[in-house]
Amino acid sequence: MAKLWAGRFDKPTSTLMDDFQSSISFDKRLIRCDLLGSIAHATMLGEQGIIPMADSEKIVQGLNGILADYDAGTLTIDLSAEDVHMFAEAELTQRIGEAGKRLHTGRSRNDQIALDVRIYAKEASAQVQALLHTLLETLLSLAKAHTHTIMPGYTHLQKAQPVTLAFHLMAYAQMFMRDVTRFGHAFAEADVMPLGSGALAGTTYPLNRERVAELLGFSAVTDNAMDGVSDRDFLITFLAATATCMMHLSRLSEELILWSTNEFGTLTLDDAFATGSSIMPQKKNPDACELTRGKTGRVYGDLLALLTVMKGLPLAYNKDMQEDKEAFFDAYDTLVKCLLPYPEMLKTAAFHPDAMEKSAALGFTNATDLADYLVGKGMPFRDAHHVSGALVGKCVKEGRALLDLTLAELQAQCPSFEADVFEAISLDACVQRRSLRGGPAPQAVAESIQRAETWLAAQRENAHT
Ligand code: ARG
């Protein structure tokens with residue numbers, strides 16, 4: 001396709017140069033955003049009398065035609081165009097003739113691409129939020145079913161204190177709720193309209209920037225043209241939110257992988273979300289979890305790529321910034337791909353409460369409560385810690401659990417023990433006693449689930465999708 005900027009050149013570009021600098025292979029997915037932006041720009045140009053109203057109407061009609069063809073799947077995107085903007089303008093002029101040449105009045109591709117990417121980032125943020133809402137709904141309903149399911153809580157991956165499955169899952173719910181908020185920030189940051197920045201120094205035409213913002217559903221307009229074309233902070237915010245969300249998914253994936261090992265034995269993934277081995281007939285592998293964990297690295301790479309692209313750029317636009325799109329799209333696509341199967345995978349997985357409780361019982365997770373029991377009988381905590389530790393040591397040697405000890409054995413270590421100790425260190429009691437807000441007691445977790453449900457309903461109500 002002939003270059004729309006060819007006026008000052010004597011020679012055509014080398015095909016090597018064309019191949020190298022062309023972005024249409026990846027920015028063609030911005031075509032809807034580009035067309036919508038152009039429709040708003042052309043409408044405003046007509047209203048302001050900057051171009052004849054008849055031309056404005058023709059342009060808008062032509063662009064709507066391209067949009068309709070695109071939506072119908074009948075638009076052929078000419079990959080020999082340098083980028084999506086050149087393609088759209090050339091396609092328009094080919095369809096409606098001379099009037100099409102007025103579209104680019106008072107605009108540069110620099111503010112045009114900034115606009116397109118902002119529109120896309122807003123849509124992407126809203127879509128990720130919707131997927132997170134679905135994941136949260138699944139976590140909350142699983143949590144509701146398991147407020148009494150005892151399991152060991154860990155530190156250093158060593159059994160620490162008894163908790164419940166609901167409590168553990170709700171820790172992840174907190175992370176994903178923060179992610180929803182973070183994507184809300186990404187949306188808000190992208191929600192500022194840059195058109196009117198021109199190439200870098202604004203424009204001499206009397207554009208109505210607020211009108212364009214209104215037509216496109218933006219909340220505000222950018223306040224400095226140079227920043228308007230050279231700012232990609234909103235993408236970095238999106239990528240940072242994406243990287244953080246992937247990190248959360250990766251941690252959850254790691255736990256599901258651990259729990260579904262023979263050694264833990266507390267979870268069985270549904271056959272529909274596992275894979276087999278070509279050689280070992282017994283294998284059932286948690287590939288979706290592993291892939292999610294693995295893809296987290298590549299999303300971190302996308303974030304780092306964009307931060308690095310931006311770090312040495314003098315103001316204003318530089319072609320380096322064309323590198324933003326592949327990182328952005330890759331991170332977005334990757335996160336969506338990971339989020340899609342997750343709710344179903346969790347819903348269909350079988351948790352094994354008996355194995356969890358047994359694991360908690362055999363792991364001395366009630367040793368802190370044993371010490372606390374003695375504190376209740378008046379002993380200083382440091383001494384009580386020592387007594388409990390000595391009893392754990394005895395049990396380790398004898399292959400027993402604390403609850404297997406007799407009262408006489410306990411009293412041999414410390415005469416303050418009485419018959420009520422067994423009830424006090426039952427796993428149920430240990431969990432029930434941790435009833436402060438934010439603790440694992442069933443009632444405290446039920447209240448936390450309730451708060452999360454209320455929050456989620458409000459989020460859904462105000463969603464941008
Ligand atoms: N394809 C370019 C990009 O993605 C569009 C902006 C081009 N601007 C320019 N002055 N060459 O950044």
# chains A, B, ... in the order shown; residues from 1 in each chain; ligands from 1
>>> residues_around(residues="stretch 367-384 of chain A", least_positions_apart="5", cutoff="12 Å", atoms="only C-alpha atoms", output="ChimeraX atom specification")
/A:159-162,360-362,389-393,395,401-403,410-411,413-434
>>> residues_near_ligand(ligand="ligand 1", cutoff="10 Å", atoms="only C-alpha atoms and all ligand atoms", output="ChimeraX atom specification")
/A:5,21-24,26-27,82-86,108-114,116-117,199-200,229-230,317-326
>>> residues_around(residues="A:Lys3", least_positions_apart="3", cutoff="12 Å", atoms="only C-alpha atoms", output="short mmCIF file (atom, residue, chain, number, x, y, z; two decimals) with N, CA, C and O atoms, in the first residue's frame")
data_model
loop_
_atom_site.label_atom_id
_atom_site.label_comp_id
_atom_site.auth_asym_id
_atom_site.auth_seq_id
_atom_site.Cartn_x
_atom_site.Cartn_y
_atom_site.Cartn_z
N ALA A 6 4.27 9.89 2.10
CA ALA A 6 5.38 9.77 1.14
C ALA A 6 5.83 11.08 0.50
O ALA A 6 6.85 11.11 -0.21
N GLY A 7 5.13 12.21 0.74
CA GLY A 7 5.39 13.46 0.04
C GLY A 7 6.84 13.92 -0.01
O GLY A 7 7.32 14.35 -1.07
N ARG A 8 7.56 13.80 1.10
CA ARG A 8 8.91 14.37 1.13
C ARG A 8 9.98 13.36 0.70
O ARG A 8 11.17 13.64 0.73
N PHE A 9 9.56 12.18 0.29
CA PHE A 9 10.53 11.14 -0.07
C PHE A 9 10.67 10.99 -1.58
O PHE A 9 9.71 11.17 -2.32
N LYS A 11 12.24 8.13 -2.79
CA LYS A 11 12.27 6.69 -3.07
C LYS A 11 11.26 5.97 -2.19
O LYS A 11 10.98 6.44 -1.07
N PRO A 12 10.78 4.83 -2.62
CA PRO A 12 9.95 4.02 -1.71
C PRO A 12 10.83 3.37 -0.64
O PRO A 12 12.04 3.26 -0.82
N THR A 13 10.21 2.97 0.47
CA THR A 13 10.99 2.29 1.50
C THR A 13 11.38 0.89 1.03
O THR A 13 10.67 0.27 0.24
N ASP A 18 10.10 -2.02 5.51
CA ASP A 18 8.65 -2.19 5.70
C ASP A 18 8.37 -3.32 6.68
O ASP A 18 7.60 -3.17 7.62
N SER A 22 6.70 -2.32 10.33
CA SER A 22 5.25 -2.46 10.28
C SER A 22 4.70 -3.01 11.60
O SER A 22 5.27 -3.92 12.21
N SER A 80 -0.33 -5.03 4.12
CA SER A 80 0.76 -4.22 3.58
C SER A 80 0.67 -2.77 4.08
O SER A 80 1.57 -1.97 3.84
N ALA A 81 -0.43 -2.45 4.77
CA ALA A 81 -0.51 -1.11 5.38
C ALA A 81 0.48 -1.08 6.53
O ALA A 81 0.72 -2.10 7.19
N GLU A 82 1.04 0.10 6.80
CA GLU A 82 2.06 0.19 7.84
C GLU A 82 1.50 -0.14 9.22
O GLU A 82 2.10 -0.88 10.00
N ASP A 83 0.35 0.42 9.51
CA ASP A 83 -0.28 0.14 10.79
C ASP A 83 -1.79 0.26 10.66
O ASP A 83 -2.31 0.59 9.59
N HIS A 85 -3.84 2.41 11.71
CA HIS A 85 -4.37 3.76 11.43
C HIS A 85 -4.33 4.04 9.93
O HIS A 85 -5.26 4.59 9.36
N MET A 86 -3.18 3.70 9.32
CA MET A 86 -3.02 3.90 7.88
C MET A 86 -4.03 3.06 7.11
O MET A 86 -4.62 3.50 6.13
N PHE A 87 -4.22 1.84 7.59
CA PHE A 87 -5.16 0.96 6.90
C PHE A 87 -6.56 1.55 6.94
O PHE A 87 -7.26 1.65 5.93
N GLU A 89 -7.60 4.62 7.40
CA GLU A 89 -7.77 5.85 6.63
C GLU A 89 -7.80 5.55 5.12
O GLU A 89 -8.62 6.10 4.38
N ALA A 90 -6.90 4.68 4.69
CA ALA A 90 -6.87 4.33 3.27
C ALA A 90 -8.15 3.62 2.85
O ALA A 90 -8.73 3.90 1.79
#
>>> residues_around(residues="stretch 446-452 of chain A", least_positions_apart="4", cutoff="12 Å", atoms="only C-alpha atoms", output="ChimeraX atom specification")
/A:133,136-148,164,166-178,435-442,456-459
>>> select_by_dssp(residues="stretch 222-408 of chain A", states="helix (DSSP H, G or I)", output="count of residues only")
131
>>> closest_residue(among="A:Pro206, A:Gly65, A:Pro341, A:Pro353", to="A:Asp287", atoms="only C-alpha atoms")
A:Pro341
>>> residues_around(residues="A:Thr242", least_positions_apart="5", cutoff="8 Å", atoms="only C-alpha atoms", output="VMD selection string")
chain A and resid 299 331 to 332 335
>>> closest_residue(among="A:Leu256, A:Met17, A:Leu239, A:Val60", to="A:Tyr300", atoms="only C-alpha atoms")
A:Leu239
>>> closest_residue(among="A:Leu165, A:Ala2, A:Leu115, A:Leu67", to="A:Arg32", atoms="only C-alpha atoms")
A:Leu67
>>> closest_residue(among="A:Ala225, A:Val309, A:Leu405, A:Ala99", to="A:Ile51", atoms="only C-alpha atoms")
A:Ala99
>>> select_by_dssp(residues="stretch 235-417 of chain A", states="strand (DSSP E)", output="NGL selection string")
:A and (267-268 or 350-351)
>>> write_last_selection(atoms="N, CA and C atoms", output="tab-separated table (two decimals), in the first residue's frame")
chain	number	residue	atom	x	y	z
A	267	LEU	N	-6.51	-33.33	47.96
A	267	LEU	CA	-7.30	-32.81	46.83
A	267	LEU	C	-7.15	-33.74	45.64
A	268	THR	N	-8.27	-33.96	44.94
A	268	THR	CA	-8.19	-34.66	43.65
A	268	THR	C	-8.83	-33.78	42.60
A	350	ALA	N	-12.22	-32.37	43.97
A	350	ALA	CA	-12.73	-33.00	45.20
A	350	ALA	C	-11.75	-32.74	46.33
A	351	PHE	N	-12.20	-32.03	47.35
A	351	PHE	CA	-11.38	-31.83	48.55
A	351	PHE	C	-11.63	-33.03	49.48
>>> decode(residues="stretch 258-281 of chain A", atoms="N, CA and C atoms", output="PDB file, in the first residue's frame")
ATOM      1  N   LEU A 258       0.489 -29.073  45.208  1.00  0.00           N
ATOM      2  CA  LEU A 258       0.941 -29.765  46.417  1.00  0.00           C
ATOM      3  C   LEU A 258      -0.164 -30.650  46.995  1.00  0.00           C
ATOM      4  N   TRP A 259      -1.352 -30.066  47.112  1.00  0.00           N
ATOM      5  CA  TRP A 259      -2.457 -30.799  47.744  1.00  0.00           C
ATOM      6  C   TRP A 259      -2.821 -32.046  46.946  1.00  0.00           C
ATOM      7  N   SER A 260      -2.620 -31.998  45.646  1.00  0.00           N
ATOM      8  CA  SER A 260      -3.018 -33.169  44.854  1.00  0.00           C
ATOM      9  C   SER A 260      -1.890 -34.202  44.726  1.00  0.00           C
ATOM     10  N   THR A 261      -0.786 -33.991  45.446  1.00  0.00           N
ATOM     11  CA  THR A 261       0.248 -35.038  45.452  1.00  0.00           C
ATOM     12  C   THR A 261      -0.203 -36.185  46.339  1.00  0.00           C
ATOM     13  N   ASN A 262       0.396 -37.334  46.114  1.00  0.00           N
ATOM     14  CA  ASN A 262       0.149 -38.495  46.963  1.00  0.00           C
ATOM     15  C   ASN A 262       0.553 -38.181  48.408  1.00  0.00           C
ATOM     16  N   GLU A 263       1.605 -37.380  48.563  1.00  0.00           N
ATOM     17  CA  GLU A 263       2.115 -37.070  49.902  1.00  0.00           C
ATOM     18  C   GLU A 263       1.103 -36.253  50.711  1.00  0.00           C
ATOM     19  N   PHE A 264       0.486 -35.253  50.099  1.00  0.00           N
ATOM     20  CA  PHE A 264      -0.534 -34.458  50.804  1.00  0.00           C
ATOM     21  C   PHE A 264      -1.865 -35.208  50.771  1.00  0.00           C
ATOM     22  N   GLY A 265      -2.284 -35.547  49.561  1.00  0.00           N
ATOM     23  CA  GLY A 265      -3.517 -36.339  49.416  1.00  0.00           C
ATOM     24  C   GLY A 265      -4.778 -35.653  49.897  1.00  0.00           C
ATOM     25  N   THR A 266      -4.824 -34.323  49.829  1.00  0.00           N
ATOM     26  CA  THR A 266      -6.015 -33.631  50.324  1.00  0.00           C
ATOM     27  C   THR A 266      -6.914 -33.111  49.212  1.00  0.00           C
ATOM     28  N   LEU A 267      -6.515 -33.332  47.959  1.00  0.00           N
ATOM     29  CA  LEU A 267      -7.305 -32.810  46.834  1.00  0.00           C
ATOM     30  C   LEU A 267      -7.154 -33.742  45.639  1.00  0.00           C
ATOM     31  N   THR A 268      -8.266 -33.959  44.939  1.00  0.00           N
ATOM     32  CA  THR A 268      -8.187 -34.658  43.652  1.00  0.00           C
ATOM     33  C   THR A 268      -8.826 -33.776  42.599  1.00  0.00           C
ATOM     34  N   LEU A 269      -8.036 -33.397  41.611  1.00  0.00           N
ATOM     35  CA  LEU A 269      -8.591 -32.599  40.510  1.00  0.00           C
ATOM     36  C   LEU A 269      -9.500 -33.493  39.686  1.00  0.00           C
ATOM     37  N   ASP A 270     -10.524 -32.892  39.114  1.00  0.00           N
ATOM     38  CA  ASP A 270     -11.405 -33.641  38.230  1.00  0.00           C
ATOM     39  C   ASP A 270     -10.620 -34.079  36.988  1.00  0.00           C
ATOM     40  N   ASP A 271     -10.987 -35.238  36.454  1.00  0.00           N
ATOM     41  CA  ASP A 271     -10.306 -35.728  35.246  1.00  0.00           C
ATOM     42  C   ASP A 271     -10.330 -34.684  34.127  1.00  0.00           C
ATOM     43  N   ALA A 272     -11.403 -33.902  34.089  1.00  0.00           N
ATOM     44  CA  ALA A 272     -11.552 -32.924  33.006  1.00  0.00           C
ATOM     45  C   ALA A 272     -10.511 -31.810  33.088  1.00  0.00           C
ATOM     46  N   PHE A 273      -9.846 -31.687  34.227  1.00  0.00           N
ATOM     47  CA  PHE A 273      -8.843 -30.626  34.383  1.00  0.00           C
ATOM     48  C   PHE A 273      -7.461 -31.177  34.722  1.00  0.00           C
ATOM     49  N   ALA A 274      -7.194 -32.388  34.236  1.00  0.00           N
ATOM     50  CA  ALA A 274      -5.872 -32.984  34.460  1.00  0.00           C
ATOM     51  C   ALA A 274      -5.431 -33.654  33.160  1.00  0.00           C
ATOM     52  N   THR A 275      -4.173 -34.026  33.107  1.00  0.00           N
ATOM     53  CA  THR A 275      -3.667 -34.701  31.910  1.00  0.00           C
ATOM     54  C   THR A 275      -2.914 -35.961  32.326  1.00  0.00           C
ATOM     55  N   GLY A 276      -2.651 -36.820  31.342  1.00  0.00           N
ATOM     56  CA  GLY A 276      -1.962 -38.068  31.631  1.00  0.00           C
ATOM     57  C   GLY A 276      -0.561 -38.074  31.055  1.00  0.00           C
ATOM     58  N   SER A 277       0.107 -39.207  31.218  1.00  0.00           N
ATOM     59  CA  SER A 277       1.469 -39.351  30.716  1.00  0.00           C
ATOM     60  C   SER A 277       1.474 -40.348  29.563  1.00  0.00           C
ATOM     61  N   SER A 278       2.350 -40.096  28.590  1.00  0.00           N
ATOM     62  CA  SER A 278       2.419 -40.993  27.442  1.00  0.00           C
ATOM     63  C   SER A 278       3.118 -42.295  27.797  1.00  0.00           C
ATOM     64  N   ILE A 279       3.851 -42.296  28.887  1.00  0.00           N
ATOM     65  CA  ILE A 279       4.572 -43.526  29.246  1.00  0.00           C
ATOM     66  C   ILE A 279       4.111 -44.130  30.573  1.00  0.00           C
ATOM     67  N   MET A 280       3.798 -43.269  31.567  1.00  0.00           N
ATOM     68  CA  MET A 280       3.465 -43.809  32.898  1.00  0.00           C
ATOM     69  C   MET A 280       1.948 -43.868  33.055  1.00  0.00           C
ATOM     70  N   PRO A 281       1.395 -45.061  33.001  1.00  0.00           N
ATOM     71  CA  PRO A 281      -0.068 -45.187  32.946  1.00  0.00           C
ATOM     72  C   PRO A 281      -0.785 -44.610  34.163  1.00  0.00           C
TER      73      PRO A 281
END
